[in-house]
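Below is one structure, written out as structure tokens; comments come after it.
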Amino acid sequence: MDLNADVLLSVVLALFVVRGLRRFLDLPTRLPRLNQLLGWLWLPGLVLFIGARAIHWKSDQLDELYMLLVMLAVTTVLFLLRSYRPARTLLLGLGPFLVLSAVELLLSGTRLLQEYDEGFDTAKGFSFIWMFTSFFIARSQKKHLEKERIEREEEEKARRLMAAQKVELERLVAERTAILTQQAEELREALTELKTTQAQLIQAEKMASLGELTAGIAHEIQNPLNFVTNFSDVSAELVTELEEEQQNPDRDPALEAELLGDLKQNLLKINHHGQRAASIVRGMLEHSRASTGERQSTDLNTLADEYLRLAYHGLRAKDKTFNATLVTHLEPGLPPIEVVSQDVGRVLLNLFTNAFYAVQKRKELGQPGYTPTVTVTTRQLPDGDVEVRVHDNGTGIPPAVVEKIFQPFFTTKPTGEGTGLGLSLSYDIITKGHGGTLVVETQEGHGTEFIVTLPH
Amino acid sequence: MKILVVDDEADVRTLFEQRFRREIRSGLFSFSFAYSGEEALDYLHAHASEVVLILSDINMPGMSGLELLRQIKQEYAAPPPPPSPQVMMITAYGDTESREQALQLGAFDFLTKPVDFAALKDKLLTLASHEN
């Protein structure tokens, strides 16, 4: 047989090896250039075959030479890829076989080889087994690595997915946060608006009660003014008369004394009524002014009497047909107490106005023998606190309504007549402002009593 | 001439007594005072036909001046004696509504506060001269 034909077999074998190597080690991606070169590995085998044929050289070592070349190529590839674990394992597996083959080639034709032929064959057999075992190990390593890679990839994928979800979540959170922030801002604005409106309403309530007062004040000022003008006028007459009397040769000392007494009395009266008017104007100013919150020593009897009259005349001025009996039970010697007088004045005015409103409503029912009466009573309690009771024999408050009367904006008056803030503000002034109490006792159809208690 | 002054202000008495001291001294006028509408009616009932003129405030607690006027006119509506006293209203509210209401109810005159006593005196003297 043609000895050189073996090399063709080796070429075919080399082609298989290259193909296996390419696949196993994924050469096109790991070593693309070397991979291309390996594609030409068949060429040297063919050249050897044709060359040998041309010169009619026959050798059984031609095949081995080519195989050595193939081995070298494989070893180079494996060496270059030694960082890849299956390649390293293959390199280790191939090592003994390679060394043996090289030694065999070197010793070919020598005696030594023939002497140890059997030993070489056994060694070769073991190196083959070693090589195949390594191959299988490498294969399992490769599989293992592949698995790890896939796991890693999956992990990576999961991680990426999570990252994407995280981004989405963050976006959602940002979106919600923006919405919430905007809502909070809107709420804050609404709150500010509400506060402004509340302040305006309180001011409006104040002005409304001032409006109720104005007519009463006008009337209350006319009365003292009437006295001031007339007493001063009449005093001038008295002086004239006194002067005439002094010119009279027949002087009457008794008449002179009487005139002087009257004059003195008149001056006191002028002063008294002047003070009265001043006090009313002061009261009005205090009422319209924003409360300073300063407490002054206040005589509740004077305050109650003053505001009762103001409230009464205020209502009278608006409704000429209205009338009521005013009863005052003001305890003499009531000790003055420290209060913000314009605030407490507002409370009393509010209570009086409500009382008059209630008796007016009952009067409209036309019950025979009904006398509208508003009573104010002051007294000092045994523990030193001062109590002001504002009682009316009006319509009373239905049980369903009585719980709500201190709530802001609650009113039973027709729209436009009441702000619904009067009692609510009064309650705050007495309880929060002065640490007192404001309670109501009422019987529907018979009357209502508001009891203000202020600590001494 | 007997005049009843109705006003809830106590100082009105002093004022009238001083303003008309000459007329009181000379006996031309005689004044009585009531501090509420109810008191005025009681006085009238006790001193029937004595009082010739009533000067009344309108704004008083309890019975108002207009209510008093209405009652007087009701009581003295019938022609037989005693003759109805004249009622003159004095008020701090000089509005036309009150004035018209008072005049419609039969008020003799309507004065506003502060009272012009010179004018009042003239009116009273005219009345007194008619009286005689």
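Ordering of the structure tokens sets the chain letters (A, B, ...); residue numbers start at 1 within each chain; ligands are numbered from 1 in the order shown.
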
| message | At a cut-off of 7 Å, using only C-alpha atoms, what residues contact range 419-434 of chain A? Leave out same-chain residues fewer than 4 positions from it and give the result as an NGL selection string. | response | :A and (205 or 343 or 347 or 350 or 405-411 or 438 or 454)

Would you save the residues of that selection, restricted to all heavy atoms, as an mmCIF file, in the first residue's frame?
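Final output, saved to out09.cif:
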```
data_model
loop_
_atom_site.group_PDB
_atom_site.id
_atom_site.type_symbol
_atom_site.label_atom_id
_atom_site.label_comp_id
_atom_site.auth_asym_id
_atom_site.auth_seq_id
_atom_site.Cartn_x
_atom_site.Cartn_y
_atom_site.Cartn_z
ATOM 1 N N GLU A 205 -68.313 90.683 60.806
ATOM 2 C CA GLU A 205 -69.207 90.492 61.954
ATOM 3 C C GLU A 205 -69.112 91.690 62.893
ATOM 4 O O GLU A 205 -70.102 92.206 63.389
ATOM 5 C CB GLU A 205 -68.824 89.199 62.685
ATOM 6 C CG GLU A 205 -69.344 89.065 64.107
ATOM 7 C CD GLU A 205 -70.838 88.882 64.173
ATOM 8 O OE1 GLU A 205 -71.418 88.429 63.174
ATOM 9 O OE2 GLU A 205 -71.429 89.216 65.227
ATOM 10 N N ASP A 343 -63.820 93.388 74.088
ATOM 11 C CA ASP A 343 -64.209 92.028 73.707
ATOM 12 C C ASP A 343 -65.435 91.571 74.496
ATOM 13 O O ASP A 343 -66.383 91.029 73.928
ATOM 14 C CB ASP A 343 -63.043 91.052 73.942
ATOM 15 C CG ASP A 343 -61.977 91.160 72.863
ATOM 16 O OD1 ASP A 343 -62.220 91.924 71.902
ATOM 17 O OD2 ASP A 343 -60.936 90.497 72.967
ATOM 18 N N VAL A 347 -69.355 90.618 73.387
ATOM 19 C CA VAL A 347 -70.101 89.432 73.803
ATOM 20 C C VAL A 347 -71.463 89.854 74.347
ATOM 21 O O VAL A 347 -72.508 89.315 73.952
ATOM 22 C CB VAL A 347 -69.320 88.627 74.867
ATOM 23 C CG1 VAL A 347 -70.183 87.515 75.428
ATOM 24 C CG2 VAL A 347 -68.034 88.080 74.286
ATOM 25 N N ASN A 350 -73.763 91.105 71.707
ATOM 26 C CA ASN A 350 -74.277 89.974 70.941
ATOM 27 C C ASN A 350 -75.396 89.252 71.691
ATOM 28 O O ASN A 350 -76.442 88.928 71.114
ATOM 29 C CB ASN A 350 -73.115 89.024 70.646
ATOM 30 C CG ASN A 350 -73.525 87.894 69.751
ATOM 31 O OD1 ASN A 350 -73.593 86.756 70.186
ATOM 32 N ND2 ASN A 350 -73.844 88.195 68.501
ATOM 33 N N ILE A 405 -75.599 76.077 68.509
ATOM 34 C CA ILE A 405 -75.567 77.548 68.487
ATOM 35 C C ILE A 405 -74.185 78.153 68.642
ATOM 36 O O ILE A 405 -73.971 79.273 68.221
ATOM 37 C CB ILE A 405 -76.520 78.157 69.550
ATOM 38 C CG1 ILE A 405 -76.170 77.621 70.930
ATOM 39 C CG2 ILE A 405 -77.973 77.913 69.207
ATOM 40 C CD1 ILE A 405 -76.851 78.394 72.038
ATOM 41 N N PHE A 406 -73.237 77.401 69.229
ATOM 42 C CA PHE A 406 -71.895 77.966 69.378
ATOM 43 C C PHE A 406 -70.991 77.623 68.199
ATOM 44 O O PHE A 406 -69.831 77.994 68.182
ATOM 45 C CB PHE A 406 -71.247 77.486 70.680
ATOM 46 C CG PHE A 406 -71.939 78.008 71.912
ATOM 47 C CD1 PHE A 406 -72.507 77.151 72.834
ATOM 48 C CD2 PHE A 406 -72.024 79.375 72.136
ATOM 49 C CE1 PHE A 406 -73.140 77.634 73.960
ATOM 50 C CE2 PHE A 406 -72.658 79.877 73.257
ATOM 51 C CZ PHE A 406 -73.222 79.011 74.165
ATOM 52 N N GLN A 407 -71.538 76.878 67.233
ATOM 53 C CA GLN A 407 -70.737 76.533 66.053
ATOM 54 C C GLN A 407 -70.653 77.730 65.120
ATOM 55 O O GLN A 407 -71.629 78.452 64.951
ATOM 56 C CB GLN A 407 -71.383 75.374 65.294
ATOM 57 C CG GLN A 407 -71.278 74.049 66.017
ATOM 58 C CD GLN A 407 -72.053 72.966 65.304
ATOM 59 O OE1 GLN A 407 -72.557 73.156 64.205
ATOM 60 N NE2 GLN A 407 -72.147 71.823 65.952
ATOM 61 N N PRO A 408 -69.445 77.908 64.505
ATOM 62 C CA PRO A 408 -69.320 79.020 63.575
ATOM 63 C C PRO A 408 -70.289 78.861 62.398
ATOM 64 O O PRO A 408 -70.529 77.740 61.954
ATOM 65 C CB PRO A 408 -67.872 78.939 63.087
ATOM 66 C CG PRO A 408 -67.195 77.949 63.933
ATOM 67 C CD PRO A 408 -68.226 77.131 64.631
ATOM 68 N N PHE A 409 -70.787 79.944 61.934
ATOM 69 C CA PHE A 409 -71.658 80.034 60.753
ATOM 70 C C PHE A 409 -73.030 79.408 60.960
ATOM 71 O O PHE A 409 -73.814 79.299 60.026
ATOM 72 C CB PHE A 409 -71.007 79.414 59.506
ATOM 73 C CG PHE A 409 -69.656 79.993 59.219
ATOM 74 C CD1 PHE A 409 -68.511 79.229 59.307
ATOM 75 C CD2 PHE A 409 -69.526 81.342 58.909
ATOM 76 C CE1 PHE A 409 -67.269 79.766 59.078
ATOM 77 C CE2 PHE A 409 -68.291 81.895 58.680
ATOM 78 C CZ PHE A 409 -67.171 81.110 58.762
ATOM 79 N N PHE A 410 -73.317 78.996 62.197
ATOM 80 C CA PHE A 410 -74.667 78.486 62.416
ATOM 81 C C PHE A 410 -75.583 79.662 62.755
ATOM 82 O O PHE A 410 -75.296 80.447 63.650
ATOM 83 C CB PHE A 410 -74.684 77.468 63.562
ATOM 84 C CG PHE A 410 -76.071 76.941 63.818
ATOM 85 C CD1 PHE A 410 -76.597 75.946 63.027
ATOM 86 C CD2 PHE A 410 -76.866 77.498 64.813
ATOM 87 C CE1 PHE A 410 -77.882 75.484 63.222
ATOM 88 C CE2 PHE A 410 -78.150 77.049 65.019
ATOM 89 C CZ PHE A 410 -78.660 76.040 64.226
ATOM 90 N N THR A 411 -76.660 79.777 62.012
ATOM 91 C CA THR A 411 -77.601 80.855 62.303
ATOM 92 C C THR A 411 -79.009 80.400 61.958
ATOM 93 O O THR A 411 -79.212 79.622 61.032
ATOM 94 C CB THR A 411 -77.251 82.147 61.540
ATOM 95 O OG1 THR A 411 -78.228 83.123 61.839
ATOM 96 C CG2 THR A 411 -77.186 81.941 60.043
ATOM 97 N N LEU A 438 -69.338 80.101 79.101
ATOM 98 C CA LEU A 438 -70.558 80.657 78.510
ATOM 99 C C LEU A 438 -71.509 79.487 78.299
ATOM 100 O O LEU A 438 -71.228 78.600 77.495
ATOM 101 C CB LEU A 438 -70.248 81.351 77.183
ATOM 102 C CG LEU A 438 -71.441 81.893 76.391
ATOM 103 C CD1 LEU A 438 -72.230 82.899 77.201
ATOM 104 C CD2 LEU A 438 -70.994 82.530 75.084
ATOM 105 N N LEU A 454 -67.004 84.923 84.544
ATOM 106 C CA LEU A 454 -65.625 85.362 84.332
ATOM 107 C C LEU A 454 -64.853 85.205 85.628
ATOM 108 O O LEU A 454 -65.310 85.649 86.680
ATOM 109 C CB LEU A 454 -65.614 86.824 83.874
ATOM 110 C CG LEU A 454 -66.152 87.053 82.455
ATOM 111 C CD1 LEU A 454 -66.469 88.509 82.229
ATOM 112 C CD2 LEU A 454 -65.175 86.547 81.413
#
```

Determine, for each residue of chain B having at least one atom at most 9 Å from an atom of chain A, the closest pair of atoms and their separation in Å to one decimal, counting only C-alpha atoms; order by chain and ascending number, as JSON lines.
```
{"residue": "B:Glu9", "atom": "CA", "partner": "A:Asn223", "partner_atom": "CA", "distance": 8.3}
{"residue": "B:Asp11", "atom": "CA", "partner": "A:Phe227", "partner_atom": "CA", "distance": 7.8}
{"residue": "B:Val12", "atom": "CA", "partner": "A:Phe227", "partner_atom": "CA", "distance": 7.9}
{"residue": "B:Thr14", "atom": "CA", "partner": "A:Asn266", "partner_atom": "CA", "distance": 8.7}
{"residue": "B:Leu15", "atom": "CA", "partner": "A:Phe231", "partner_atom": "CA", "distance": 6.6}
{"residue": "B:Gln18", "atom": "CA", "partner": "A:Val234", "partner_atom": "CA", "distance": 6.9}
{"residue": "B:Arg19", "atom": "CA", "partner": "A:Val234", "partner_atom": "CA", "distance": 6.1}
{"residue": "B:Asn59", "atom": "CA", "partner": "A:His313", "partner_atom": "CA", "distance": 7.9}
{"residue": "B:Met60", "atom": "CA", "partner": "A:Asn323", "partner_atom": "CA", "distance": 8.4}
{"residue": "B:Pro61", "atom": "CA", "partner": "A:Thr325", "partner_atom": "CA", "distance": 5.2}
{"residue": "B:Gly62", "atom": "CA", "partner": "A:Thr325", "partner_atom": "CA", "distance": 4.1}
{"residue": "B:Met63", "atom": "CA", "partner": "A:Asn323", "partner_atom": "CA", "distance": 7.0}
{"residue": "B:Ser64", "atom": "CA", "partner": "A:Asn323", "partner_atom": "CA", "distance": 6.9}
{"residue": "B:Thr91", "atom": "CA", "partner": "A:His219", "partner_atom": "CA", "distance": 8.9}
{"residue": "B:Ala92", "atom": "CA", "partner": "A:His219", "partner_atom": "CA", "distance": 5.7}
{"residue": "B:Tyr93", "atom": "CA", "partner": "A:His219", "partner_atom": "CA", "distance": 7.0}
{"residue": "B:Glu97", "atom": "CA", "partner": "A:Lys320", "partner_atom": "CA", "distance": 8.9}
{"residue": "B:Ser98", "atom": "CA", "partner": "A:Lys320", "partner_atom": "CA", "distance": 7.7}
{"residue": "B:Lys113", "atom": "CA", "partner": "A:Asn226", "partner_atom": "CA", "distance": 5.9}
{"residue": "B:Pro114", "atom": "CA", "partner": "A:Asn226", "partner_atom": "CA", "distance": 4.0}
{"residue": "B:Val115", "atom": "CA", "partner": "A:Asn226", "partner_atom": "CA", "distance": 6.4}
{"residue": "B:Asp116", "atom": "CA", "partner": "A:Asn230", "partner_atom": "CA", "distance": 8.1}
{"residue": "B:Phe117", "atom": "CA", "partner": "A:Asn230", "partner_atom": "CA", "distance": 7.7}
```

I want to know what sits within 10 Å of Ala128 in chain B, based on only C-alpha atoms, with residues of the same chain fewer than 4 positions away left out; could you give that as a compact mmCIF listing (two decimals) with N, CA, C and O atoms, in the first residue's frame?
```
# COMPACT_ATOMS: atom_id res chain seq x y z
N MET B 1 -101.59 126.17 83.74
CA MET B 1 -101.71 125.06 82.79
C MET B 1 -100.86 123.89 83.26
O MET B 1 -99.68 124.06 83.52
N LYS B 2 -101.50 122.74 83.37
CA LYS B 2 -100.77 121.59 83.90
C LYS B 2 -100.17 120.77 82.75
O LYS B 2 -100.86 120.39 81.81
N LEU B 28 -97.93 130.14 85.97
CA LEU B 28 -98.46 129.99 84.61
C LEU B 28 -98.48 128.51 84.20
O LEU B 28 -99.45 128.01 83.65
N PHE B 29 -97.37 127.86 84.47
CA PHE B 29 -97.29 126.43 84.18
C PHE B 29 -97.10 125.64 85.46
O PHE B 29 -96.51 126.14 86.43
N VAL B 52 -103.37 119.22 80.86
CA VAL B 52 -103.79 119.82 79.59
C VAL B 52 -102.85 119.38 78.46
O VAL B 52 -103.28 119.16 77.33
N LEU B 53 -101.57 119.27 78.82
CA LEU B 53 -100.59 118.95 77.78
C LEU B 53 -99.63 117.85 78.26
O LEU B 53 -99.23 117.83 79.42
N ASP B 122 -92.34 129.27 73.51
CA ASP B 122 -93.29 130.03 72.68
C ASP B 122 -94.55 129.23 72.43
O ASP B 122 -95.66 129.71 72.57
N LYS B 123 -94.34 127.96 72.07
CA LYS B 123 -95.49 127.10 71.77
C LYS B 123 -96.37 126.95 73.00
O LYS B 123 -97.62 127.03 72.90
N LEU B 124 -95.74 126.75 74.14
CA LEU B 124 -96.50 126.53 75.38
C LEU B 124 -97.27 127.81 75.77
O LEU B 124 -98.43 127.73 76.19
N ASN B 132 -106.69 130.18 77.95
CA ASN B 132 -107.44 131.17 78.69
C ASN B 132 -108.43 131.87 77.76
O ASN B 132 -108.73 132.94 77.82
```

(message) Residues within 9 Å of range 27-37 of chain A, please, as a ChimeraX atom specification. Count only C-alpha atoms; anything in the same chain fewer than 6 positions from it doesn't count.
(response) /A:18,21,77,80-81

Would you write out those residues with C-alpha atoms, as a short mmCIF file (atom, residue, chain, number, x, y, z; two decimals), in the first residue's frame?
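Result saved to out_27.cif:
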```cif
data_model
loop_
_atom_site.label_atom_id
_atom_site.label_comp_id
_atom_site.auth_asym_id
_atom_site.auth_seq_id
_atom_site.Cartn_x
_atom_site.Cartn_y
_atom_site.Cartn_z
CA VAL A 18 -10.00 21.58 13.77
CA LEU A 21 -11.67 22.44 18.35
CA VAL A 77 -4.31 27.27 20.21
CA LEU A 80 -3.19 30.86 23.81
CA LEU A 81 -6.50 30.03 25.40
#
```

- Message: Counting only C-alpha atoms, which residue out of B:Ala46, B:Leu111, B:Val6, B:Leu105 sits closest to Met89 in chain B?
- Response: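 Between B:Ala46, B:Leu111, B:Val6, B:Leu105, the residue approaching Met89 in chain B most closely is B:Leu111.
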
Item to complete: Apply DSSP to the structure's backbone, then extract all residues of range 228-412 of chain A labelled alpha helix (DSSP H) and return them as a count of residues only.
Response: 103
